[in-house]
$ cat protein-v9.json   # JSON, C-alpha atoms
[["chain", "number", "residue", "atom", "x", "y", "z"],
["K", 255, "MET", "CA", 51.36, 16.49, 47.00],
["K", 256, "SER", "CA", 51.86, 17.51, 43.39],
["K", 257, "ASP", "CA", 50.13, 15.93, 40.46],
["K", 258, "LEU", "CA", 51.01, 16.39, 36.84],
["K", 259, "SER", "CA", 48.26, 15.25, 34.51],
["K", 260, "GLY", "CA", 48.02, 15.27, 30.77],
["K", 261, "SER", "CA", 46.85, 13.38, 27.74],
["K", 262, "ALA", "CA", 48.30, 12.71, 24.37],
["K", 263, "SER", "CA", 46.02, 11.09, 21.80],
["K", 264, "ASN", "CA", 44.35, 8.15, 23.51],
["K", 265, "LEU", "CA", 46.93, 7.98, 26.30],
["K", 266, "SER", "CA", 46.14, 9.47, 29.71],
["K", 267, "TYR", "CA", 48.67, 9.75, 32.50],
["K", 268, "THR", "CA", 49.04, 11.06, 36.02],
["K", 269, "ILE", "CA", 52.37, 11.54, 37.75],
["K", 270, "SER", "CA", 52.37, 11.99, 41.47],
["K", 271, "THR", "CA", 55.34, 13.36, 43.37],
["K", 272, "GLU", "CA", 53.96, 12.16, 46.70],
["K", 273, "GLY", "CA", 56.79, 10.66, 48.74],
["K", 274, "LEU", "CA", 59.49, 12.36, 46.67],
["K", 275, "GLU", "CA", 59.34, 15.76, 48.36],
["K", 276, "GLU", "CA", 62.77, 15.36, 49.98],
["K", 277, "GLU", "CA", 64.44, 14.30, 46.74],
["K", 278, "ILE", "CA", 62.79, 17.15, 44.82],
["K", 279, "LEU", "CA", 64.07, 19.59, 47.42],
["K", 280, "LYS", "CA", 67.55, 18.13, 46.96],
["K", 281, "LEU", "CA", 67.29, 18.48, 43.18],
["K", 282, "GLY", "CA", 66.17, 22.07, 43.61],
["K", 283, "LYS", "CA", 69.30, 22.76, 45.63],
["K", 284, "LEU", "CA", 71.68, 20.89, 43.34],
["K", 285, "PRO", "CA", 73.15, 23.89, 41.52],
["K", 286, "GLU", "CA", 73.85, 25.70, 44.79],
["K", 287, "ASN", "CA", 75.29, 22.60, 46.48],
["K", 288, "LEU", "CA", 77.30, 21.70, 43.41],
["K", 289, "THR", "CA", 78.64, 25.24, 43.08],
["K", 290, "GLU", "CA", 79.70, 25.32, 46.74],
["K", 291, "GLU", "CA", 81.42, 21.92, 46.47],
["K", 292, "LEU", "CA", 83.12, 22.95, 43.21],
["K", 293, "LYS", "CA", 84.33, 26.20, 44.79],
["K", 294, "LYS", "CA", 85.96, 24.20, 47.60],
["K", 295, "ALA", "CA", 87.49, 21.73, 45.13],
["K", 296, "VAL", "CA", 88.84, 24.43, 42.81],
["K", 297, "LYS", "CA", 90.29, 26.28, 45.80],
["K", 298, "ILE", "CA", 92.15, 23.10, 46.83],
["K", 299, "GLY", "CA", 93.41, 22.58, 43.26],
["K", 300, "ASN", "CA", 94.48, 26.22, 42.96],
["K", 301, "GLN", "CA", 96.38, 26.04, 46.24],
["K", 302, "ALA", "CA", 98.27, 22.96, 45.05],
["K", 303, "ILE", "CA", 99.21, 24.75, 41.83],
["K", 304, "LYS", "CA", 100.28, 27.87, 43.73],
["K", 305, "ASN", "CA", 102.36, 25.81, 46.18],
["K", 306, "ASP", "CA", 104.29, 24.29, 43.28],
["K", 307, "MET", "CA", 104.53, 27.50, 41.23],
["K", 308, "VAL", "CA", 106.00, 29.82, 43.87],
["K", 309, "PRO", "CA", 109.27, 27.87, 44.35],
["K", 310, "ARG", "CA", 109.87, 27.92, 40.57],
["K", 311, "VAL", "CA", 110.07, 31.74, 40.51],
["K", 312, "ARG", "CA", 113.64, 32.99, 40.75],
["K", 313, "ARG", "CA", 114.02, 35.11, 43.84],
["K", 314, "PHE", "CA", 116.04, 38.13, 44.66],
["K", 315, "THR", "CA", 113.52, 40.38, 46.34],
["K", 316, "GLY", "CA", 110.73, 37.78, 46.52],
["K", 317, "SER", "CA", 108.12, 40.32, 45.39],
["K", 318, "THR", "CA", 107.16, 38.40, 42.24],
["K", 319, "ALA", "CA", 106.84, 35.11, 44.13],
["K", 320, "ARG", "CA", 104.79, 36.83, 46.85],
["K", 321, "SER", "CA", 102.50, 38.34, 44.22],
["K", 322, "ILE", "CA", 101.26, 34.91, 43.10],
["K", 323, "THR", "CA", 97.68, 34.60, 44.28],
["K", 324, "SER", "CA", 94.90, 32.12, 43.95],
["K", 325, "LYS", "CA", 91.24, 33.08, 43.39],
["K", 326, "VAL", "CA", 87.99, 31.28, 42.71],
["K", 327, "LYS", "CA", 85.30, 32.99, 40.65],
["K", 328, "VAL", "CA", 81.71, 31.86, 40.16],
["K", 329, "GLY", "CA", 80.19, 32.72, 36.82],
["K", 330, "VAL", "CA", 76.75, 32.61, 35.30],
["K", 331, "GLY", "CA", 74.84, 29.41, 35.99],
["K", 332, "GLY", "CA", 77.18, 28.40, 38.79],
["K", 333, "SER", "CA", 80.24, 27.79, 36.62],
["K", 334, "VAL", "CA", 83.40, 27.87, 38.71],
["K", 335, "MET", "CA", 86.80, 29.09, 37.56],
["K", 336, "GLY", "CA", 90.12, 29.03, 39.38],
["K", 337, "ILE", "CA", 92.78, 31.65, 38.70],
["K", 338, "THR", "CA", 96.34, 31.28, 39.95],
["K", 339, "GLY", "CA", 99.12, 33.63, 38.98],
["K", 340, "PRO", "CA", 100.87, 36.90, 39.70],
["K", 341, "SER", "CA", 98.97, 40.01, 40.67],
["K", 342, "MET", "CA", 97.81, 41.96, 37.63],
["K", 343, "SER", "CA", 96.84, 45.21, 39.29],
["K", 344, "GLY", "CA", 97.46, 47.44, 42.22],
["K", 345, "LYS", "CA", 100.65, 48.13, 44.14],
["K", 346, "ASN", "CA", 101.85, 44.50, 43.85],
["K", 347, "ALA", "CA", 101.31, 44.12, 40.09],
["K", 348, "ARG", "CA", 104.10, 41.78, 38.98],
["K", 349, "VAL", "CA", 102.54, 40.07, 35.98],
["K", 350, "HIS", "CA", 104.97, 41.81, 33.58],
["K", 351, "ILE", "CA", 108.01, 40.57, 35.55],
["K", 352, "PHE", "CA", 106.48, 37.08, 35.75],
["K", 353, "ARG", "CA", 106.11, 37.06, 31.95],
["K", 354, "PHE", "CA", 109.76, 38.09, 31.52],
["K", 355, "LEU", "CA", 110.86, 35.30, 33.86],
["K", 356, "GLN", "CA", 108.71, 32.74, 32.11],
["K", 357, "ASP", "CA", 108.85, 33.73, 28.46],
["K", 358, "GLY", "CA", 112.07, 35.69, 28.27],
["K", 359, "ALA", "CA", 112.18, 38.98, 26.45],
["K", 360, "TYR", "CA", 113.87, 40.24, 23.34],
["K", 361, "TRP", "CA", 113.57, 43.89, 22.39],
["K", 362, "GLN", "CA", 115.90, 44.08, 19.39],
["K", 363, "ASN", "CA", 113.18, 43.53, 16.79],
["K", 364, "SER", "CA", 110.43, 45.14, 18.79],
["K", 365, "ASP", "CA", 108.79, 48.53, 18.85],
["K", 366, "ASN", "CA", 109.48, 48.71, 22.61],
["K", 367, "SER", "CA", 112.56, 50.71, 23.39],
["K", 368, "GLN", "CA", 113.54, 48.73, 26.49],
["K", 369, "PRO", "CA", 112.13, 47.63, 29.86],
["K", 370, "TRP", "CA", 110.99, 50.39, 32.19],
["K", 371, "ILE", "CA", 113.77, 51.00, 34.75],
["K", 372, "TYR", "CA", 111.30, 51.33, 37.63],
["K", 373, "ASP", "CA", 110.25, 47.71, 37.06],
["K", 374, "LEU", "CA", 113.87, 46.69, 37.57],
["K", 375, "LEU", "CA", 114.82, 48.83, 40.59],
["K", 376, "ASP", "CA", 113.91, 46.31, 43.35],
["K", 377, "TRP", "CA", 115.83, 43.57, 41.56],
["K", 378, "VAL", "CA", 118.86, 45.82, 40.96],
["K", 379, "ARG", "CA", 118.89, 46.82, 44.65],
["K", 380, "ALA", "CA", 118.72, 43.21, 45.84],
["K", 381, "LYS", "CA", 121.20, 41.80, 43.34],
["K", 382, "PHE", "CA", 123.84, 44.55, 43.03],
["K", 383, "HIS", "CA", 123.37, 46.72, 46.16],
["K", 384, "PRO", "CA", 124.28, 49.98, 44.39],
["K", 385, "ALA", "CA", 124.61, 53.24, 46.29],
["K", 386, "PRO", "CA", 121.24, 55.04, 46.39],
["K", 387, "GLU", "CA", 122.43, 57.69, 43.94],
["K", 388, "ASP", "CA", 123.47, 54.95, 41.46],
["K", 389, "GLU", "CA", 120.30, 52.82, 41.58],
["K", 390, "LYS", "CA", 118.59, 54.37, 38.57],
["K", 391, "ARG", "CA", 121.79, 54.33, 36.55],
["K", 392, "ALA", "CA", 122.28, 50.62, 37.32],
["K", 393, "ALA", "CA", 118.64, 49.87, 36.43],
["K", 394, "PHE", "CA", 119.08, 51.78, 33.17],
["K", 395, "ALA", "CA", 122.24, 49.78, 32.35],
["K", 396, "LEU", "CA", 120.35, 46.54, 33.02],
["K", 397, "ALA", "CA", 117.39, 47.68, 30.89],
["K", 398, "ARG", "CA", 119.79, 48.58, 28.07],
["K", 399, "SER", "CA", 121.48, 45.18, 28.33],
["K", 400, "ILE", "CA", 118.12, 43.41, 28.21],
["K", 401, "LYS", "CA", 117.20, 45.45, 25.13],
["K", 402, "GLU", "CA", 120.42, 44.48, 23.37],
["K", 403, "LYS", "CA", 120.78, 40.85, 24.52],
["K", 404, "GLY", "CA", 117.33, 39.88, 25.73],
["K", 405, "ILE", "CA", 116.73, 37.54, 28.65],
["K", 406, "LYS", "CA", 116.15, 33.82, 28.55],
["K", 407, "GLY", "CA", 112.84, 32.60, 29.89],
["K", 408, "GLU", "CA", 112.36, 29.64, 32.18],
["K", 409, "PRO", "CA", 109.12, 27.61, 32.22],
["K", 410, "ILE", "CA", 107.17, 28.29, 35.40],
["K", 411, "SER", "CA", 103.43, 27.76, 34.85],
["K", 412, "ARG", "CA", 103.22, 25.08, 32.16],
["K", 413, "PRO", "CA", 105.19, 22.35, 33.99],
["K", 414, "VAL", "CA", 103.21, 22.97, 37.18],
["K", 415, "LEU", "CA", 99.87, 22.91, 35.37],
["K", 416, "GLU", "CA", 100.81, 19.71, 33.56],
["K", 417, "ALA", "CA", 101.94, 18.07, 36.80],
["K", 418, "LYS", "CA", 98.88, 19.16, 38.82],
["K", 419, "LYS", "CA", 96.20, 18.70, 36.14],
["K", 420, "GLY", "CA", 95.38, 15.14, 37.23],
["K", 421, "TYR", "CA", 95.20, 16.11, 40.89],
["K", 422, "ALA", "CA", 92.86, 19.04, 40.17],
["K", 423, "VAL", "CA", 90.55, 16.85, 38.08],
["K", 424, "MET", "CA", 90.53, 14.21, 40.84],
["K", 425, "VAL", "CA", 89.53, 16.80, 43.49],
["K", 426, "ILE", "CA", 86.74, 18.18, 41.28],
["K", 427, "LYS", "CA", 85.46, 14.67, 40.51],
["K", 428, "ALA", "CA", 85.41, 13.88, 44.24],
["K", 429, "ALA", "CA", 83.35, 17.04, 44.85],
["K", 430, "ILE", "CA", 80.83, 16.07, 42.17],
["K", 431, "ASP", "CA", 80.66, 12.51, 43.51],
["K", 432, "SER", "CA", 80.03, 13.92, 46.99],
["K", 433, "VAL", "CA", 77.07, 15.98, 45.75],
["K", 434, "LEU", "CA", 75.66, 13.01, 43.81],
["K", 435, "GLU", "CA", 76.03, 10.78, 46.87],
["K", 436, "LYS", "CA", 73.96, 13.24, 48.92],
["K", 437, "LEU", "CA", 71.20, 12.99, 46.28],
["K", 438, "LYS", "CA", 70.88, 9.21, 46.52],
["K", 439, "VAL", "CA", 67.72, 7.93, 48.15]]

$ encode --input "protein-v9.json" --output "C-alpha cells"
Amino acid sequence: MSDLSGSASNLSYTISTEGLEEEILKLGKLPENLTEELKKAVKIGNQAIKNDMVPRVRRFTGSTARSITSKVKVGVGGSVMGITGPSMSGKNARVHIFRFLQDGAYWQNSDNSQPWIYDLLDWVRAKFHPAPEDEKRAAFALARSIKEKGIKGEPISRPVLEAKKGYAVMVIKAAIDSVLEKLKV
C-alpha cells in the first residue's frame, strides 16, 4: 500500500493507492507497451506503402525496385518512425537512381557534368544488350544524352503516400486504442 499525504493551508489530504496496484503497474508499462504496439502498426503501414511503391518503379534490371526497403526506428522517449524507400548505402545503394526516376534530371544548367556512367551500366546492359566491350561507351552516350536533354521524372512516392496515409493513420489509431483498452479496469 502506498499513501501520499500532504497539507496545503487548512486542507489536509491522504491519497491511498490500495487496490490500484494492477492499474499502476499497467501505467508504468504504458510507454513500453505503446512503443511495441506502435512499432507493429508502423511496420504494417510501411509494408503497405512499400507494396504499392515497388510496382511504380520502372523496371529493366529490377535493382532499384528491389532496393526499396522498409524500416522502423524507435527514438528518444519511445517515438516511432517508419522509413520506406530505396537503399541509401552499401552495395545496393539506389537512392540516386530512384531520385532520377521520380524527379527527373536536367544537367544543362547545373554544375554537374553528367551522370556517372557506372550508375547507368546495369540499365544499359538490360535495355540495349551491348557487346561487353561496348558497354561503357553505350553508358557514356546515355549519360551524355541525359546531360543534354535531361530525363522526365514520374511520381512514385507522393501518390503512394497520399493514397496510404489514411490506412497508416487507421492502423496506428487501432494500436493506440488496443493499448488503452488493456488499461481499462

$ closest_residue --input "protein-v9.json" --among "K:Asp357, K:Glu389, K:Glu416, K:Asp431" --to "Tyr372 (chain K)" --atoms "only C-alpha atoms"
K:Glu389

$ atom_distance --input "protein-v9.json" --atom1 "CA of Gly336 (chain K)" --atom2 "CA of Val308 (chain K)"
16.5 Å

$ atom_distance --input "protein-v9.json" --atom1 "CA of Glu290 (chain K)" --atom2 "CA of Met335 (chain K)"
12.2 Å

$ residues_around --input "protein-v9.json" --residues "Asp373 (chain K)" --least-positions-apart "2" --cutoff "9 Å" --atoms "all atoms listed in the file" --output "list in words"
Arg348, His350, Ile351, Pro369, Trp370, Ile371, Leu375, Asp376, Trp377 and Ala393 of chain K

$ atom_distance --input "protein-v9.json" --atom1 "CA of Lys418 (chain K)" --atom2 "CA of Ala302 (chain K)"
7.3 Å

$ closest_residue --input "protein-v9.json" --among "K:Ile337, K:Leu355, K:Leu437, K:Leu288" --to "Lys406 (chain K)" --atoms "only C-alpha atoms"
K:Leu355

$ closest_residue --input "protein-v9.json" --among "K:Ala397, K:Ile303, K:Val433, K:Ala295" --to "Thr323 (chain K)" --atoms "only C-alpha atoms"
K:Ile303

$ closest_residue --input "protein-v9.json" --among "K:Val414, K:Val330, K:Ile298, K:Val349" --to "Thr318 (chain K)" --atoms "only C-alpha atoms"
K:Val349

$ residues_around --input "protein-v9.json" --residues "Gly299 (chain K)" --least-positions-apart "3" --cutoff "10 Å" --atoms "only C-alpha atoms" --output "list in words"
Lys293, Lys294, Ala295, Val296, Ala302, Ile303, Lys304, Asn305, Ser324, Gly336, Thr338, Lys418, Lys419, Gly420, Tyr421, Ala422, Val423, Met424, Val425 and Ile426 of chain K

$ axis_aligned_box --input "protein-v9.json" --around "region 300-312 of chain K" --padding-each-side "5 Å" --output "lines of an AutoDock Vina configuration file"
center_x = 104.1
center_y = 28.0
center_z = 43.4
size_x = 29.2
size_y = 20.0
size_z = 15.7

$ closest_residue --input "protein-v9.json" --among "K:Val328, K:Leu415, K:Gln356, K:Thr315" --to "Gln301 (chain K)" --atoms "only C-alpha atoms"
K:Leu415

$ closest_residue --input "protein-v9.json" --among "K:Pro309, K:Lys297, K:Leu374, K:Phe354" --to "Gly404 (chain K)" --atoms "all atoms listed in the file"
K:Phe354

$ decode --input "protein-v9.json" --residues "region 316-355 of chain K" --atoms "N, CA and C atoms" --output "short mmCIF file (atom, residue, chain, number, x, y, z; two decimals), in the first residue's frame"
data_model
loop_
_atom_site.label_atom_id
_atom_site.label_comp_id
_atom_site.auth_asym_id
_atom_site.auth_seq_id
_atom_site.Cartn_x
_atom_site.Cartn_y
_atom_site.Cartn_z
N GLY K 316 15.54 -4.28 -62.38
CA GLY K 316 14.83 -4.57 -61.13
C GLY K 316 15.62 -4.20 -59.89
N SER K 317 16.86 -3.75 -60.05
CA SER K 317 17.69 -3.47 -58.88
C SER K 317 17.19 -2.29 -58.06
N THR K 318 16.63 -1.27 -58.70
CA THR K 318 16.10 -0.14 -57.95
C THR K 318 14.84 -0.56 -57.19
N ALA K 319 13.96 -1.29 -57.84
CA ALA K 319 12.74 -1.77 -57.16
C ALA K 319 13.11 -2.69 -56.00
N ARG K 320 14.08 -3.56 -56.19
CA ARG K 320 14.50 -4.48 -55.12
C ARG K 320 15.18 -3.74 -53.97
N SER K 321 15.71 -2.57 -54.23
CA SER K 321 16.41 -1.83 -53.18
C SER K 321 15.45 -1.14 -52.22
N ILE K 322 14.17 -1.07 -52.55
CA ILE K 322 13.21 -0.40 -51.67
C ILE K 322 13.01 -1.25 -50.42
N THR K 323 13.31 -0.64 -49.29
CA THR K 323 13.21 -1.33 -48.01
C THR K 323 12.26 -0.58 -47.08
N SER K 324 11.95 -1.23 -46.01
CA SER K 324 11.06 -0.66 -45.01
C SER K 324 11.66 -0.91 -43.64
N LYS K 325 11.85 0.16 -42.86
CA LYS K 325 12.44 0.04 -41.52
C LYS K 325 11.59 0.79 -40.51
N VAL K 326 11.69 0.35 -39.27
CA VAL K 326 11.05 1.04 -38.15
C VAL K 326 12.14 1.40 -37.16
N LYS K 327 12.17 2.67 -36.77
CA LYS K 327 13.16 3.13 -35.80
C LYS K 327 12.44 3.70 -34.58
N VAL K 328 12.99 3.39 -33.41
CA VAL K 328 12.45 3.91 -32.16
C VAL K 328 13.41 4.97 -31.66
N GLY K 329 12.86 6.15 -31.41
CA GLY K 329 13.69 7.27 -30.96
C GLY K 329 13.59 7.48 -29.46
N VAL K 330 14.05 8.62 -29.04
CA VAL K 330 14.04 9.00 -27.63
C VAL K 330 12.60 9.09 -27.14
N GLY K 331 12.36 8.56 -25.96
CA GLY K 331 11.03 8.64 -25.37
C GLY K 331 10.03 7.70 -26.00
N GLY K 332 10.50 6.76 -26.80
CA GLY K 332 9.59 5.79 -27.39
C GLY K 332 8.94 6.25 -28.68
N SER K 333 9.38 7.38 -29.25
CA SER K 333 8.80 7.81 -30.52
C SER K 333 9.16 6.79 -31.59
N VAL K 334 8.23 6.56 -32.49
CA VAL K 334 8.41 5.53 -33.52
C VAL K 334 8.34 6.19 -34.89
N MET K 335 9.28 5.82 -35.76
CA MET K 335 9.33 6.40 -37.10
C MET K 335 9.48 5.28 -38.12
N GLY K 336 8.70 5.34 -39.17
CA GLY K 336 8.80 4.39 -40.26
C GLY K 336 9.52 5.01 -41.44
N ILE K 337 10.40 4.25 -42.06
CA ILE K 337 11.16 4.72 -43.22
C ILE K 337 11.00 3.70 -44.34
N THR K 338 10.49 4.16 -45.47
CA THR K 338 10.33 3.29 -46.62
C THR K 338 10.92 4.00 -47.83
N GLY K 339 11.81 3.32 -48.52
CA GLY K 339 12.42 3.92 -49.70
C GLY K 339 13.61 3.10 -50.16
N PRO K 340 14.30 3.61 -51.17
CA PRO K 340 15.44 2.87 -51.72
C PRO K 340 16.63 2.89 -50.78
N SER K 341 17.46 1.90 -50.91
CA SER K 341 18.67 1.79 -50.09
C SER K 341 19.56 3.00 -50.32
N MET K 342 20.08 3.56 -49.23
CA MET K 342 20.92 4.76 -49.34
C MET K 342 22.40 4.46 -49.18
N SER K 343 22.74 3.23 -48.81
CA SER K 343 24.15 2.93 -48.59
C SER K 343 24.43 1.48 -48.94
N GLY K 344 25.70 1.18 -48.99
CA GLY K 344 26.10 -0.19 -49.25
C GLY K 344 26.09 -0.54 -50.72
N LYS K 345 26.23 -1.82 -50.99
CA LYS K 345 26.32 -2.33 -52.35
C LYS K 345 25.05 -2.05 -53.16
N ASN K 346 23.89 -2.05 -52.49
CA ASN K 346 22.61 -1.86 -53.19
C ASN K 346 22.11 -0.43 -53.16
N ALA K 347 22.96 0.54 -52.93
CA ALA K 347 22.53 1.94 -52.86
C ALA K 347 21.95 2.37 -54.22
N ARG K 348 20.67 2.67 -54.22
CA ARG K 348 19.99 3.04 -55.47
C ARG K 348 19.21 4.35 -55.30
N VAL K 349 19.43 5.06 -54.21
CA VAL K 349 18.65 6.25 -53.95
C VAL K 349 18.83 7.28 -55.06
N HIS K 350 20.03 7.40 -55.63
CA HIS K 350 20.27 8.37 -56.70
C HIS K 350 19.46 8.02 -57.95
N ILE K 351 19.38 6.74 -58.29
CA ILE K 351 18.59 6.32 -59.45
C ILE K 351 17.10 6.55 -59.17
N PHE K 352 16.67 6.24 -57.96
CA PHE K 352 15.27 6.46 -57.57
C PHE K 352 14.91 7.94 -57.74
N ARG K 353 15.80 8.82 -57.31
CA ARG K 353 15.54 10.26 -57.46
C ARG K 353 15.43 10.66 -58.92
N PHE K 354 16.29 10.10 -59.77
CA PHE K 354 16.19 10.40 -61.21
C PHE K 354 14.85 9.94 -61.75
N LEU K 355 14.44 8.73 -61.38
CA LEU K 355 13.16 8.20 -61.86
C LEU K 355 12.01 9.08 -61.40
#
